[in-house]
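Listing of target_25.tsv, TSV, C-alpha atoms
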chain	number	residue	atom	x	y	z
S	1	MET	CA	-2.91	33.53	32.41
S	2	MET	CA	-3.74	36.66	34.41
S	3	THR	CA	-1.50	39.71	33.96
S	4	GLU	CA	-1.22	42.77	36.16
S	5	THR	CA	-2.95	45.87	34.74
S	6	GLN	CA	-3.17	49.56	35.45
S	7	VAL	CA	-6.16	51.84	34.87
S	8	LEU	CA	-5.70	55.18	33.13
S	9	VAL	CA	-8.52	57.75	33.10
S	10	THR	CA	-8.45	60.23	30.18
S	11	GLY	CA	-11.44	62.37	29.29
S	12	GLY	CA	-13.80	60.27	31.38
S	13	THR	CA	-12.75	57.08	29.53
S	14	LEU	CA	-11.14	54.15	31.26
S	15	HIS	CA	-8.09	52.58	29.55
S	16	LYS	CA	-6.53	49.30	30.69
S	17	LEU	CA	-2.73	49.18	30.40
S	18	ASN	CA	-0.47	46.17	30.90
S	19	ALA	CA	1.94	46.64	33.79
S	20	PRO	CA	5.56	45.63	33.38
S	21	ALA	CA	6.40	42.09	34.44
S	22	PRO	CA	7.84	41.72	37.91
S	23	VAL	CA	11.61	41.87	38.14
S	24	GLY	CA	11.77	38.51	39.86
S	25	ARG	CA	9.94	36.80	36.99
S	26	THR	CA	12.33	38.30	34.41
S	27	ARG	CA	15.36	37.18	36.39
S	28	SER	CA	13.90	33.70	36.69
S	29	ARG	CA	13.50	33.45	32.92
S	30	LEU	CA	17.06	34.64	32.38
S	31	THR	CA	18.35	32.10	34.89
S	32	ILE	CA	16.49	29.26	33.18
S	33	GLY	CA	17.75	30.32	29.77
S	34	ARG	CA	21.31	30.59	31.02
S	35	THR	CA	21.09	27.20	32.71
S	36	LEU	CA	19.83	25.55	29.53
S	37	GLY	CA	22.65	27.21	27.60
S	38	TYR	CA	25.25	25.89	30.04
S	39	ILE	CA	23.77	22.40	29.80
S	40	ALA	CA	23.96	22.50	26.00
S	41	LEU	CA	27.59	23.69	26.15
S	42	ILE	CA	28.50	20.94	28.63
S	43	ILE	CA	26.96	18.29	26.39
S	44	ALA	CA	28.83	19.64	23.37
S	45	ALA	CA	32.09	19.78	25.34
S	46	VAL	CA	31.67	16.18	26.49
S	47	GLY	CA	31.02	15.09	22.91
S	48	LEU	CA	34.17	16.85	21.70
S	49	LEU	CA	36.42	15.68	24.53
S	50	ALA	CA	35.22	12.05	24.65
S	51	PRO	CA	37.41	10.86	21.72
S	52	PHE	CA	40.45	12.61	23.21
S	53	PHE	CA	39.77	11.04	26.61
S	54	TRP	CA	39.40	7.61	25.00
S	55	MET	CA	42.71	8.08	23.14
S	56	VAL	CA	44.56	8.99	26.35
S	57	MET	CA	43.04	6.07	28.25
S	58	SER	CA	43.79	3.68	25.39
S	59	SER	CA	47.44	4.71	25.55
S	60	LEU	CA	47.51	3.29	29.09
S	61	LYS	CA	45.92	-0.07	28.24
S	62	ASN	CA	47.30	-3.41	27.19
S	63	ALA	CA	47.26	-4.03	23.44
S	64	ASN	CA	44.33	-6.47	23.74
S	65	GLU	CA	42.18	-4.05	25.75
S	66	VAL	CA	42.13	-1.16	23.28
S	67	PHE	CA	39.23	-2.43	21.13
S	68	SER	CA	37.56	-4.62	23.72
S	69	VAL	CA	33.77	-5.02	23.67
S	70	PRO	CA	32.10	-3.49	25.59
S	71	VAL	CA	34.29	-0.39	25.57
S	72	VAL	CA	36.46	0.00	28.65
S	73	TRP	CA	36.90	3.72	29.22
S	74	VAL	CA	39.24	3.48	32.20
S	75	PRO	CA	41.64	0.51	32.35
S	76	GLU	CA	41.94	-1.45	35.54
S	77	THR	CA	45.75	-1.28	35.36
S	78	PHE	CA	47.55	1.70	33.87
S	79	VAL	CA	50.36	0.54	31.60
S	80	TRP	CA	52.80	3.46	31.79
S	81	GLN	CA	55.38	1.27	30.07
S	82	ASN	CA	53.72	2.20	26.75
S	83	TYR	CA	55.19	5.70	26.91
S	84	ILE	CA	58.66	4.29	27.57
S	85	ASP	CA	58.35	1.77	24.74
S	86	ILE	CA	57.25	4.37	22.20
S	87	TRP	CA	60.48	6.27	22.84
S	88	THR	CA	62.74	3.22	22.84
S	89	LYS	CA	61.12	1.32	19.93
S	90	SER	CA	60.78	4.26	17.54
S	91	ASN	CA	62.52	7.43	16.38
S	92	MET	CA	60.04	9.61	18.23
S	93	LEU	CA	62.65	12.23	19.09
S	94	VAL	CA	63.67	12.58	15.42
S	95	TRP	CA	60.05	12.80	14.30
S	96	ILE	CA	59.24	15.50	16.84
S	97	ARG	CA	62.38	17.43	15.91
S	98	ASN	CA	61.50	17.40	12.21
S	99	THR	CA	57.88	18.34	12.85
S	100	LEU	CA	58.83	21.16	15.21
S	101	PHE	CA	61.36	22.53	12.73
S	102	LEU	CA	58.80	22.55	9.92
S	103	ALA	CA	56.04	24.04	12.08
S	104	VAL	CA	58.20	26.88	13.41
S	105	SER	CA	59.78	27.66	10.03
S	106	VAL	CA	56.53	27.65	8.09
S	107	THR	CA	54.72	29.68	10.76
S	108	PHE	CA	57.44	32.33	10.83
S	109	LEU	CA	57.53	32.63	7.03
S	110	GLN	CA	53.76	32.73	6.65
S	111	VAL	CA	53.39	35.47	9.25
S	112	LEU	CA	56.25	37.42	7.67
S	113	THR	CA	55.16	37.11	4.05
S	114	GLY	CA	51.45	37.32	4.80
S	115	SER	CA	51.69	40.47	6.89
S	116	PHE	CA	54.08	42.13	4.44
S	117	ALA	CA	51.95	41.36	1.36
S	118	ALA	CA	48.78	42.34	3.21
S	119	TYR	CA	50.24	45.77	3.94
S	120	GLY	CA	50.80	46.30	0.24
S	121	PHE	CA	47.22	45.35	-0.60
S	122	ALA	CA	45.75	47.38	2.26
S	123	ARG	CA	47.82	50.59	2.16
S	124	MET	CA	49.68	50.83	-1.16
S	125	LYS	CA	47.86	52.11	-4.24
S	126	PHE	CA	48.84	50.71	-7.63
S	127	ALA	CA	47.11	49.77	-10.86
S	128	GLY	CA	45.20	46.50	-10.72
S	129	ARG	CA	45.56	46.12	-6.97
S	130	ASP	CA	42.00	44.95	-6.31
S	131	ILE	CA	41.96	42.55	-9.26
S	132	LEU	CA	45.31	41.07	-8.25
S	133	PHE	CA	44.07	40.62	-4.68
S	134	LEU	CA	40.90	38.86	-5.84
S	135	VAL	CA	42.88	36.53	-8.07
S	136	TYR	CA	45.32	35.77	-5.28
S	137	ILE	CA	42.57	35.11	-2.74
S	138	GLY	CA	40.73	33.02	-5.32
S	139	THR	CA	43.50	30.44	-5.07
S	140	ILE	CA	42.04	29.44	-1.70
S	141	ALA	CA	39.12	27.86	-3.56
S	142	VAL	CA	41.42	25.78	-5.79
S	143	PRO	CA	42.01	22.32	-4.26
S	144	TRP	CA	45.64	21.40	-3.77
S	145	GLN	CA	45.12	18.06	-5.50
S	146	SER	CA	44.51	19.87	-8.81
S	147	TYR	CA	48.06	21.23	-9.00
S	148	MET	CA	49.82	18.73	-6.76
S	149	ILE	CA	51.54	16.85	-9.62
S	150	PRO	CA	52.94	19.95	-11.42
S	151	GLN	CA	54.14	21.24	-8.09
S	152	PHE	CA	55.92	17.97	-7.36
S	153	ILE	CA	57.60	18.04	-10.78
S	154	LEU	CA	58.73	21.62	-10.20
S	155	LEU	CA	60.25	20.88	-6.81
S	156	SER	CA	61.88	17.74	-8.15
S	157	ASN	CA	63.53	19.76	-10.91
S	158	LEU	CA	64.76	22.19	-8.27
S	159	LYS	CA	66.40	19.25	-6.46
S	160	VAL	CA	64.59	19.92	-3.18
S	161	SER	CA	62.35	16.86	-3.22
S	162	ASN	CA	62.96	14.49	-0.31
S	163	THR	CA	64.19	17.39	1.80
S	164	LEU	CA	62.54	19.49	4.48
S	165	TRP	CA	62.93	22.50	2.19
S	166	ALA	CA	60.22	21.10	-0.05
S	167	ILE	CA	57.60	21.45	2.70
S	168	ILE	CA	58.91	24.88	3.71
S	169	LEU	CA	58.75	26.22	0.14
S	170	LEU	CA	55.27	24.79	-0.34
S	171	GLN	CA	53.80	26.46	2.72
S	172	ALA	CA	55.91	29.62	3.13
S	173	PHE	CA	53.25	31.65	1.33
S	174	GLY	CA	49.53	31.47	2.02
S	175	ALA	CA	46.60	33.40	0.60
S	176	PHE	CA	44.60	32.95	3.78
S	177	GLY	CA	47.25	34.74	5.84
S	178	VAL	CA	47.27	37.67	3.42
S	179	PHE	CA	43.48	37.89	3.54
S	180	LEU	CA	43.39	37.73	7.35
S	181	MET	CA	46.07	40.38	7.83
S	182	LYS	CA	44.65	42.69	5.15
S	183	GLN	CA	41.22	42.66	6.75
S	184	TYR	CA	42.74	43.63	10.08
S	185	TYR	CA	45.01	46.29	8.61
S	186	GLU	CA	41.98	48.01	7.14
S	187	THR	CA	40.54	48.48	10.64
S	188	ILE	CA	43.60	50.57	11.64
S	189	PRO	CA	43.04	54.31	10.97
S	190	GLU	CA	44.83	55.62	7.90
S	191	GLU	CA	45.67	58.79	9.86
S	192	LEU	CA	48.39	56.89	11.75
S	193	SER	CA	50.16	56.04	8.50
S	194	GLU	CA	49.77	59.57	7.15
S	195	ALA	CA	51.27	61.04	10.31
S	196	ALA	CA	54.18	58.60	10.09
S	197	ARG	CA	54.83	59.59	6.47
S	198	LEU	CA	54.89	63.25	7.45
S	199	ASP	CA	57.52	62.39	10.03
S	200	GLY	CA	59.65	60.82	7.30
S	201	LEU	CA	59.00	57.17	8.05
S	202	SER	CA	59.25	54.82	5.07
S	203	GLU	CA	56.56	52.32	4.09
S	204	TYR	CA	58.69	49.52	5.49
S	205	GLY	CA	59.06	51.45	8.75
S	206	ILE	CA	55.30	52.03	8.94
S	207	TRP	CA	54.68	48.31	8.48
S	208	ARG	CA	57.28	47.30	11.06
S	209	ARG	CA	56.79	50.00	13.71
S	210	ILE	CA	53.07	50.76	13.46
S	211	MET	CA	51.08	48.09	11.66
S	212	LEU	CA	52.66	45.01	13.21
S	213	PRO	CA	52.45	46.18	16.87
S	214	LEU	CA	48.78	47.10	16.36
S	215	SER	CA	47.98	43.77	14.71
S	216	VAL	CA	48.79	41.45	17.60
S	217	PRO	CA	45.37	39.68	17.57
S	218	ALA	CA	45.58	38.93	13.84
S	219	ILE	CA	49.19	37.79	14.11
S	220	ALA	CA	48.33	35.55	17.06
S	221	SER	CA	45.42	33.99	15.15
S	222	LEU	CA	47.52	33.41	12.04
S	223	THR	CA	50.34	31.95	14.11
S	224	LEU	CA	48.05	29.50	15.88
S	225	LEU	CA	46.28	28.35	12.71
S	226	THR	CA	49.49	27.96	10.71
S	227	PHE	CA	51.36	26.12	13.46
S	228	VAL	CA	48.52	23.67	14.05
S	229	ASN	CA	47.98	22.99	10.34
S	230	THR	CA	51.69	22.43	9.71
S	231	TRP	CA	52.09	20.21	12.76
S	232	ASN	CA	49.13	18.05	11.71
S	233	ASP	CA	49.98	17.96	7.99
S	234	TYR	CA	50.17	14.43	6.64
S	235	LEU	CA	49.75	14.50	2.86
S	236	GLY	CA	52.58	16.95	2.13
S	237	PRO	CA	55.27	15.02	4.08
S	238	LEU	CA	53.90	11.75	2.69
S	239	ILE	CA	54.56	12.92	-0.88
S	240	TYR	CA	57.91	14.68	-0.45
S	241	LEU	CA	59.66	13.03	2.50
S	242	ARG	CA	60.76	9.50	1.61
S	243	ASN	CA	63.83	9.31	3.85
S	244	PRO	CA	62.83	7.90	7.29
S	245	ASP	CA	65.26	10.34	8.93
S	246	LEU	CA	63.11	13.20	7.57
S	247	TRP	CA	59.74	11.83	8.63
S	248	THR	CA	57.39	13.94	10.69
S	249	ILE	CA	55.54	12.54	13.66
S	250	GLN	CA	52.49	11.76	11.52
S	251	LEU	CA	54.49	9.68	9.04
S	252	GLY	CA	56.39	7.99	11.84
S	253	LEU	CA	53.26	6.93	13.68
S	254	LYS	CA	51.74	5.72	10.41
S	255	SER	CA	54.65	3.32	10.09
S	256	PHE	CA	53.34	1.53	13.18
S	257	VAL	CA	50.17	0.52	11.35
S	258	SER	CA	51.86	-1.96	9.02
S	259	ASN	CA	49.37	-4.73	9.58
S	260	LEU	CA	45.89	-4.45	11.03
S	261	PHE	CA	46.25	-7.62	13.10
S	262	ASP	CA	49.71	-7.27	14.61
S	263	THR	CA	49.73	-3.53	15.29
S	264	ASN	CA	50.23	-2.53	18.91
S	265	TYR	CA	47.55	0.15	19.06
S	266	ALA	CA	48.35	0.94	22.69
S	267	LEU	CA	51.80	2.16	21.60
S	268	LEU	CA	50.23	3.99	18.66
S	269	PHE	CA	47.83	5.85	20.95
S	270	ALA	CA	50.71	6.69	23.29
S	271	GLY	CA	52.50	8.30	20.35
S	272	LEU	CA	49.33	10.13	19.31
S	273	THR	CA	48.91	11.48	22.82
S	274	ILE	CA	52.49	12.75	22.80
S	275	SER	CA	51.89	14.43	19.44
S	276	VAL	CA	48.83	16.26	20.77
S	277	VAL	CA	50.52	17.65	23.89
S	278	PRO	CA	52.61	20.36	22.12
S	279	ILE	CA	49.58	21.52	20.14
S	280	ALA	CA	47.47	21.76	23.30
S	281	ILE	CA	50.16	23.78	25.09
S	282	ILE	CA	50.70	26.13	22.14
S	283	PHE	CA	46.97	26.64	21.71
S	284	LEU	CA	46.35	27.39	25.38
S	285	LEU	CA	49.24	29.84	25.55
S	286	GLY	CA	48.26	31.43	22.26
S	287	GLN	CA	44.64	31.79	23.28
S	288	LYS	CA	45.63	33.79	26.35
S	289	TYR	CA	47.97	35.90	24.25
S	290	PHE	CA	45.19	36.48	21.74
S	291	VAL	CA	42.83	37.81	24.42
S	292	GLU	CA	45.52	40.08	25.86
S	293	GLY	CA	46.34	41.31	22.36
S	294	ILE	CA	42.75	42.40	21.78
S	295	ALA	CA	42.74	44.37	25.03
S	296	THR	CA	46.05	46.15	24.32
S	297	SER	CA	46.21	46.31	20.53
S	298	GLY	CA	45.73	50.10	20.26
S	299	LEU	CA	43.42	52.12	18.03
S	300	LYS	CA	41.06	50.39	15.65
S	301	GLY	CA	38.46	51.92	13.38
Using the file provided, produce a representation of the structure as structure tokens.
Amino acid sequence: MMTETQVLVTGGTLHKLNAPAPVGRTRSRLTIGRTLGYIALIIAAVGLLAPFFWMVMSSLKNANEVFSVPVVWVPETFVWQNYIDIWTKSNMLVWIRNTLFLAVSVTFLQVLTGSFAAYGFARMKFAGRDILFLVYIGTIAVPWQSYMIPQFILLSNLKVSNTLWAIILLQAFGAFGVFLMKQYYETIPEELSEAARLDGLSEYGIWRRIMLPLSVPAIASLTLLTFVNTWNDYLGPLIYLRNPDLWTIQLGLKSFVSNLFDTNYALLFAGLTISVVPIAIIFLLGQKYFVEGIATSGLKG
């Protein structure tokens, strides 16, 4: 392929230099690359959203059409009665109430305890601080199944088994939240804390009045992750909540699948769709808040 060249004369010697590529050609390459990137993102988005779309459409089908072959993506007749039946034939309102109570309580406690403990690890100096932090963070690598039975025995002895308090006590503290908040606290200049101490502010006041307002992005991220994980938790409620009046929405919907051949999967998918709606709303609102928090979070090192 021919390239444009320039001729440079130095000391009677001719030198051939490559000229820069035309601007139009560079823009064309960038456009092609950007187009290919958009196509790849669209394909990935379709792959991720296809199961969700199929779930929503299945919630509007007759029971016999859900697993029909070939797959019917859009039903000919939308059966909106499924959403009425899931409310009238189940304790959906009780399940959502229990799940919402657990999600809000656990999220609040994890943000509170995680941010408070992270401040101690990030700003307080005491003997063995780094070793204690490593040991505490190391618990993330320990699978819950390894200490699930001793934990159940402990909570049973405390007489909180088969109550919502069992789930709250299990998830009120989290090493991941401490790690996330500590990493963000360390990006805030130490000079702000030193100036606050000179003004007579206590360590608690520094955490509440300075560190927390400047940590909005980290708090938003921790809130989103904790809320979603608690809302979708299945194994914890399955172990500790035996009273049907205490069931979360996951346990309640599982009760529909009593028999593979007589289960009304259209109603089940209607309940699943309802369970996803609050998470989608919270995530969309939280994502916007997260972006705004980054833009207005203050000084960061």
Could you list, with a cut-off of 12 Å and counting all atoms listed in the file, the residues of region 11-110 of chain S near region 159-179 of chain S, each shown with its nearest atom pair and the distance in Å rounded to one decimal, rows sorted by chain and ascending number, as CSV?
residue,atom,partner,partner_atom,distance
S:Arg97,CA,S:Leu164,CA,11.6
S:Asn98,CA,S:Leu164,CA,8.1
S:Thr99,CA,S:Leu164,CA,9.6
S:Leu100,CA,S:Leu164,CA,11.5
S:Phe101,CA,S:Leu164,CA,8.9
S:Leu102,CA,S:Ile168,CA,6.6
S:Ala103,CA,S:Ile168,CA,8.9
S:Val104,CA,S:Ile168,CA,9.9
S:Ser105,CA,S:Ile168,CA,7.0
S:Val106,CA,S:Ala172,CA,5.4
S:Thr107,CA,S:Ala172,CA,7.7
S:Phe108,CA,S:Ala172,CA,8.3
S:Leu109,CA,S:Ala172,CA,5.2
S:Gln110,CA,S:Ala172,CA,5.2
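A straight line drawn from CA of Phe152 (chain S) to CA of Ile131 (chain S) is 28.3 Å long.
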In terms of only C-alpha atoms, the residue from S:Leu48, S:Leu222, S:Leu198, S:Leu238 at minimal distance from Gln287 (chain S) is S:Leu222
**Study point:** Distance query Met181 (chain S) at most 12 Å, all atoms listed in the file, self and fewer than 6 positions along chain excluded, as number ranges by chain
**Key:** S: 110-123, 174-175, 187-188, 207, 211-212, 214-223
- request: Tell me which protein, DNA and RNA residues are within 12 Å of Ile281 (chain S), counting all atoms listed in the file, leaving out same-chain ones fewer than 6 positions away, and put them as JSON, numbers by chain.
  value: {"S": [224, 227, 228, 274, 275, 287, 288]}
Selected residues, C-alpha atoms, written as a PDB file, in the coordinates of the input, please.
ATOM      1  CA  LEU S 224      48.050  29.500  15.880  1.00  0.00           C
ATOM      2  CA  PHE S 227      51.360  26.120  13.460  1.00  0.00           C
ATOM      3  CA  VAL S 228      48.520  23.670  14.050  1.00  0.00           C
ATOM      4  CA  ILE S 274      52.490  12.750  22.800  1.00  0.00           C
ATOM      5  CA  SER S 275      51.890  14.430  19.440  1.00  0.00           C
ATOM      6  CA  GLN S 287      44.640  31.790  23.280  1.00  0.00           C
ATOM      7  CA  LYS S 288      45.630  33.790  26.350  1.00  0.00           C
TER       8      LYS S 288
END
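Taking CA of Arg25 (chain S) and CA of Ile42 (chain S) as the two end points, the separation is 25.8 Å.
Of note, CA of Leu60 (chain S) and CA of Thr273 (chain S) are spaced 10.4 Å apart.
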### Distance query Asn82 (chain S) at most 10 Å, all atoms listed in the file, self and fewer than 2 positions along chain excluded, as a list in words
Ser59, Leu60, Lys61, Asn62, Ala63, Phe78, Val79, Trp80, Ile84, Asp85, Ile86, Trp87, Thr88, Asn264, Ala266, Leu267, Leu268, Phe269, Ala270 and Gly271 of chain S
Using only C-alpha atoms, the shortest atom-to-atom distance to Gln145 (chain S) among S:Val66, S:Leu235, S:Leu180, S:Ala50 belongs to S:Leu235
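Residue nearest Ser58 (chain S), chosen from S:Tyr38, S:Tyr136, S:Tyr234, S:Tyr83 and counting all atoms listed in the file: S:Tyr83.
Residue nearest Met55 (chain S) within the list S:Val276, S:Ile43, S:Leu253, S:Ile239: S:Val276 [criterion: smallest interatomic distance, only C-alpha atoms].
Distances from S:Ala44, S:Leu155, S:Ile249, S:Leu284 to Trp95 (chain S) were compared using all atoms listed in the file, and the smallest one belongs to S:Ile249.
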Could you give me the centre and size, in Å to one decimal, of an axis-aligned box around all listed atoms of region 25-44 of chain S with 8 Å added on every side, as lines of an AutoDock Vina configuration file?
center_x = 19.4
center_y = 28.3
center_z = 30.2
size_x = 34.9
size_y = 36.0
size_z = 29.6
